[in-house]
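Structure file data-v5.txt with compact mmCIF, C-alpha atoms:
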# COMPACT_ATOMS: atom_id res chain seq x y z
CA SER A 1 -12.41 116.57 42.15
CA PHE A 2 -12.89 115.53 45.79
CA GLY A 3 -9.62 117.06 46.97
CA ALA A 4 -6.34 115.62 48.21
CA GLY A 5 -6.24 111.94 49.10
CA VAL A 6 -9.26 110.98 46.99
CA THR A 7 -8.52 109.33 43.65
CA ILE A 8 -11.06 109.52 40.83
CA ASN A 9 -11.07 106.09 39.19
CA SER A 10 -13.74 106.74 36.58
CA VAL A 11 -16.52 109.11 35.59
CA THR A 12 -19.43 107.90 33.45
CA CYS A 13 -22.80 109.18 32.31
CA PRO A 14 -25.15 106.37 33.40
CA GLY A 15 -28.13 105.01 31.51
CA SER A 16 -28.80 103.70 28.02
CA THR A 17 -29.79 107.27 27.09
CA VAL A 18 -27.07 109.74 28.05
CA SER A 19 -28.31 112.15 30.68
CA GLU A 20 -27.00 115.58 31.57
CA ASN A 21 -28.45 115.30 35.06
CA SER A 22 -26.18 112.77 36.75
CA LEU A 23 -22.66 111.37 36.81
CA ALA A 24 -21.51 108.00 38.15
CA VAL A 25 -18.15 108.43 39.85
CA SER A 26 -15.90 105.72 41.25
CA ILE A 27 -13.50 106.99 43.91
CA THR A 28 -10.85 105.55 46.22
CA ILE A 29 -10.08 107.24 49.52
CA THR A 30 -6.41 106.69 50.29
CA ASP A 31 -5.02 105.84 53.70
CA GLY A 32 -4.17 109.07 55.47
CA ALA A 33 -6.45 111.21 53.32
CA GLY A 34 -7.48 113.09 56.43
CA ALA A 35 -10.89 113.36 58.00
CA GLY A 36 -13.18 116.26 57.25
CA LEU A 37 -15.60 117.82 54.78
CA ARG A 38 -14.58 118.11 51.15
CA ASN A 39 -15.69 120.38 48.32
CA VAL A 40 -16.72 118.53 45.16
CA THR A 41 -15.92 120.15 41.83
CA VAL A 42 -17.23 119.21 38.39
CA THR A 43 -15.56 120.60 35.28
CA ASN A 44 -16.97 120.04 31.80
CA PRO A 45 -14.56 118.93 29.04
CA GLU A 46 -14.24 122.40 27.51
CA GLY A 47 -12.68 123.67 30.73
CA GLY A 48 -12.40 127.34 31.54
CA THR A 49 -15.44 128.62 33.35
CA ALA A 50 -17.43 125.42 32.67
CA THR A 51 -17.03 124.36 36.28
CA ASP A 52 -19.02 124.27 39.49
CA THR A 53 -18.21 123.44 43.12
CA LEU A 54 -20.53 122.14 45.83
CA LEU A 55 -19.07 123.23 49.16
CA SER A 56 -18.65 120.71 52.01
CA ALA A 57 -20.57 118.11 49.98
CA PHE A 58 -18.61 115.00 50.93
CA GLN A 59 -17.20 113.81 54.25
CA VAL A 60 -14.07 111.73 54.70
CA ARG A 61 -14.04 109.82 57.97
CA LEU A 62 -11.35 107.90 59.73
CA GLU A 63 -11.42 104.15 59.15
CA ALA A 64 -15.02 103.01 59.69
CA PRO A 65 -15.65 101.21 62.99
CA THR A 66 -16.55 97.57 62.50
CA VAL A 67 -19.55 95.80 63.95
CA ASN A 68 -18.85 93.13 66.56
CA VAL A 69 -21.01 90.53 68.33
CA GLY A 70 -19.99 89.77 71.90
CA GLY A 71 -22.64 87.27 72.93
CA VAL A 72 -26.31 86.44 73.48
CA THR A 73 -28.34 86.44 76.71
CA PRO A 74 -29.76 83.90 77.34
CA ALA A 75 -27.27 81.79 75.42
CA GLN A 76 -29.60 78.82 74.96
CA GLY A 77 -33.18 77.98 74.07
CA ARG A 78 -35.31 74.88 73.54
CA ARG A 79 -37.05 73.55 70.47
CA LYS A 80 -40.69 74.68 70.18
CA ALA A 81 -39.94 77.66 72.45
CA THR A 82 -40.47 81.37 71.85
CA LEU A 83 -38.20 83.56 73.93
CA SER A 84 -36.76 87.05 74.21
CA ALA A 85 -32.99 87.51 73.98
CA VAL A 86 -30.44 90.30 73.80
CA VAL A 87 -27.50 90.30 71.39
CA SER A 88 -24.66 92.38 72.81
CA GLY A 89 -21.73 93.91 70.95
CA THR A 90 -20.61 97.18 69.39
CA GLU A 91 -21.38 99.42 66.41
CA PHE A 92 -24.88 98.09 65.80
CA GLN A 93 -26.96 100.31 63.51
CA ALA A 94 -30.70 100.95 63.31
CA GLY A 95 -32.14 98.45 60.85
CA ALA A 96 -29.57 95.74 61.66
CA GLU A 97 -30.59 92.18 60.81
CA VAL A 98 -29.85 89.17 63.04
CA SER A 99 -29.58 85.49 62.09
CA PHE A 100 -29.43 82.44 64.36
CA GLY A 101 -29.38 79.92 61.50
CA ALA A 102 -31.93 77.54 60.03
CA ASP A 103 -35.33 76.97 61.67
CA ILE A 104 -35.03 79.88 64.10
CA ALA A 105 -37.24 82.85 63.24
CA VAL A 106 -35.86 86.19 64.49
CA SER A 107 -37.88 89.35 65.11
CA VAL A 108 -35.85 92.45 66.01
CA SER A 109 -37.60 94.63 68.60
CA ALA A 110 -35.04 97.27 69.54
CA VAL A 111 -31.56 98.33 68.44
CA ASN A 112 -28.94 100.61 69.92
CA SER A 113 -25.20 100.74 69.31
CA THR A 114 -24.37 98.04 71.87
CA SER A 115 -27.44 95.78 72.06
CA ILE A 116 -30.21 94.31 69.91
CA GLY A 117 -33.40 92.97 71.45
CA VAL A 118 -34.83 89.98 69.57
CA THR A 119 -37.67 87.49 69.85
CA LEU A 120 -36.70 83.96 68.82
CA SER A 121 -39.13 81.27 67.68
CA ILE A 122 -37.28 77.95 67.64
CA GLN A 123 -38.94 75.39 65.41
CA ASP A 124 -39.36 71.70 66.29
CA THR A 125 -37.13 70.92 63.29
CA ALA A 126 -34.20 73.04 64.51
CA LEU A 127 -31.03 71.00 64.92
CA THR A 128 -29.80 70.87 68.49
CA GLY A 129 -26.34 72.13 69.36
CA ALA A 130 -24.28 75.29 68.97
CA ARG A 131 -25.39 78.00 66.54
CA ASP A 132 -23.50 80.92 65.02
CA VAL A 133 -25.10 84.35 65.44
CA THR A 134 -24.68 86.94 62.68
CA VAL A 135 -25.49 90.66 62.79
CA THR A 136 -25.58 92.56 59.49
CA ASN A 137 -25.78 96.35 59.51
CA PRO A 138 -27.60 98.31 56.77
CA ASP A 139 -24.21 99.53 55.46
CA GLY A 140 -23.28 95.91 54.63
CA GLN A 141 -20.90 95.28 57.52
CA SER A 142 -21.50 91.99 59.29
CA PHE A 143 -19.99 89.92 62.06
CA THR A 144 -20.55 86.29 63.04
CA ARG A 145 -19.93 85.03 66.56
CA ALA A 146 -19.35 81.29 66.33
CA GLY A 147 -21.29 79.10 68.77
CA ALA A 148 -22.94 82.05 70.53
CA PHE A 149 -26.28 80.25 71.00
CA THR A 150 -27.24 76.66 71.76
CA VAL A 151 -30.46 74.92 70.71
CA GLN A 152 -31.58 72.36 73.29
CA LYS A 153 -34.16 69.60 73.08
CA ALA A 154 -37.75 70.61 73.73
CA ALA A 155 -39.11 70.54 77.28
CA PRO A 156 -41.38 67.56 78.06
CA ASP A 157 -45.09 68.04 77.44
CA LEU A 158 -47.12 65.80 79.78
CA VAL A 159 -50.68 65.42 78.45
CA SER A 160 -52.33 62.54 80.33
CA LEU A 161 -51.89 59.48 82.55
CA GLY A 162 -53.08 56.02 81.57
CA THR A 163 -53.99 55.40 85.23
CA THR A 164 -55.13 58.27 87.40
CA VAL A 165 -56.01 56.57 90.70
CA GLY A 166 -53.97 54.43 93.10
CA ASN A 167 -54.62 53.05 96.59
CA GLU A 168 -52.40 53.26 99.64
CA GLN A 169 -49.92 50.36 99.90
CA GLN A 170 -50.43 49.53 96.23
CA THR A 171 -47.73 49.01 93.58
CA LEU A 172 -48.89 49.66 90.04
CA ALA A 173 -47.70 50.58 86.57
CA VAL A 174 -48.69 53.97 85.17
CA THR A 175 -48.25 55.13 81.58
CA LEU A 176 -47.51 58.82 81.03
CA ASN A 177 -48.58 60.19 77.66
CA GLY A 178 -47.27 63.32 75.99
CA ASP A 179 -44.45 64.50 73.83
CA ASP A 180 -40.73 65.22 73.94
CA PHE A 181 -39.87 62.80 76.74
CA ASP A 182 -36.10 62.54 76.36
CA CYS A 183 -35.73 58.81 75.78
CA LEU A 184 -33.07 59.30 73.11
CA GLY A 185 -30.46 61.00 75.24
CA MET A 186 -27.44 59.49 76.92
CA PRO A 187 -27.50 55.66 76.99
CA GLY A 188 -29.14 54.38 80.15
CA THR A 189 -30.75 57.71 81.00
CA VAL A 190 -34.49 58.43 81.11
CA PRO A 191 -36.57 61.36 82.35
CA THR A 192 -37.21 61.62 86.08
CA VAL A 193 -40.79 61.49 87.36
CA SER A 194 -42.24 62.86 90.60
CA VAL A 195 -45.71 62.27 92.05
CA GLY A 196 -45.19 63.98 95.41
CA ALA A 197 -44.77 62.91 99.02
CA GLY A 198 -45.51 59.32 99.96
CA VAL A 199 -45.25 57.94 96.42
CA THR A 200 -42.04 56.13 95.51
CA ILE A 201 -41.00 55.91 91.85
CA ASN A 202 -39.65 52.36 91.47
CA SER A 203 -38.63 52.61 87.82
CA VAL A 204 -39.05 54.71 84.66
CA THR A 205 -38.77 53.13 81.23
CA CYS A 206 -39.44 54.17 77.66
CA PRO A 207 -41.66 51.33 76.38
CA GLY A 208 -41.54 49.75 72.94
CA SER A 209 -38.97 47.86 70.88
CA THR A 210 -38.34 51.19 69.19
CA VAL A 211 -37.70 53.90 71.75
CA SER A 212 -40.43 56.55 71.69
CA GLU A 213 -40.45 60.15 72.88
CA ASN A 214 -44.26 60.16 73.05
Would you mind giving the structure from this file in structure tokens?
Amino acid sequence: SFGAGVTINSVTCPGSTVSENSLAVSITITDGAGAGLRNVTVTNPEGGTATDTLLSAFQVRLEAPTVNVGGVTPAQGRRKATLSAVVSGTEFQAGAEVSFGADIAVSVSAVNSTSIGVTLSIQDTALTGARDVTVTNPDGQSFTRAGAFTVQKAAPDLVSLGTTVGNEQQTLAVTLNGDDFDCLGMPGTVPTVSVGAGVTINSVTCPGSTVSEN
């Protein structure tokens, strides 16, 4: 018995070999059972004095608060980047796990009831666009905030120039070599290039019959 408002669904002796040291009990706590500590009583089948009570052994709480994810700061990150972020919300528990979806590795650094500090490693293969963020508490509760984080294209990585010297009053073509130049974005758009004062950029193109980001 767990007292008023707690229904005993079943009592079994677990294991392939019956043990006298444990009981598996399925219970249902009814709505309005009332919060507080309960005594738990076990009575053997013969009844009478074959009974024992463990005082204040079980606690009934009001309806459990549910975990919630409010958002992520910052709310975006680029492919190939490693960044720190904070997931905000309520009812986070120590040991909570966080997911940002495929190809984003998440390392949890700190947890309190309203925030989780994480380090994100966004892989080059991560799909760009909105991502759902899920927090799962150790007690099994979870919450998913749809579209809470956005994966952006990687930042350009300029490695070298095909031509490194130019004369005053000269017009010349220069090839920039690197990776993740955004030549596959909006039609008609290309990255902008700056060389500093006194040098005019006449045009920027992505060369090749097949557009390259390299």
Q | Non-local contacts of region 61-71 of chain A (6 Å; only C-alpha atoms; under 2 positions in same chain excluded) as an NGL selection string | A | :A and (35 or 87-91 or 143 or 145 or 148)
(Q) Please list as a VMD selection string every residue within 9 Å of Pro74 (chain A), counting all atoms listed in the file and excluding residues in the same chain fewer than 6 positions away. (A) chain A and resid 84 to 86 149
Q.
Restricting the calculation to only C-alpha atoms: of A:Leu127, A:Ala50, A:Ala102, A:Val204, which residue gets closest to Pro191 (chain A)?
A. A:Val204
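When all atoms listed in the file are used to compute distances to Gly36 (chain A), the closest of the residues A:Gly140, A:Pro14, A:Gly5, A:Gly48 turns out to be A:Gly5.
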Q: Can you work out the spacing between CA of Asn44 (chain A) and CA of Phe2 (chain A) in Å, to one decimal?
A: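 Atom-to-atom, CA of Asn44 (chain A) to CA of Phe2 (chain A), that is 15.3 Å.
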Q. Which residue gives the smallest distance to Asp31 (chain A) among A:Ala4, A:Ala130, A:Val11, A:Leu120, with only C-alpha atoms counted?
A.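 Answer, going by the shortest atom-to-atom distance: A:Ala4.
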Give the padded box for region 88-96 of chain A as lines of an AutoDock Vina configuration file: axis-aligned, covering all atoms listed in the file, 5 Å on each side, centre and edge lengths in Å to one decimal.
center_x = -26.4
center_y = 96.7
center_z = 66.8
size_x = 21.5
size_y = 18.6
size_z = 22.0
Q) Between A:Ser113, A:Thr12, A:Ser99, A:Thr30, which has the minimum distance to Thr144 (chain A) (counting all atoms listed in the file)? A)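 Of A:Ser113, A:Thr12, A:Ser99, A:Thr30, the one nearest Thr144 (chain A), counting all atoms listed in the file, is A:Ser99.
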Q: Excluding region 153-167 of chain A and any residue of its chain fewer than 6 positions from it, enumerate the residues within 8 Å of it, using all atoms listed in the file, and give them as a count of residues only.
A: 15
**Q.** Among listed residues A:Leu83, A:Leu23, A:Leu37, A:Ala126, nearest Ser107 (chain A) (using only C-alpha atoms)
**A.**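 Closest to Ser107 (chain A) of all the choices is A:Leu83.
Comparing A:Gly34, A:Gly47, A:Gly77, A:Gly198 by their smallest distance to Thr119 (chain A), the closest is A:Gly77 (using all atoms listed in the file).
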Q: Write out as a PyMOL selection string which residues come within 8 Å of Gly3 (chain A) when counting only C-alpha atoms, dropping same-chain ones fewer than 4 positions away.
A: chain A and resi 38-40
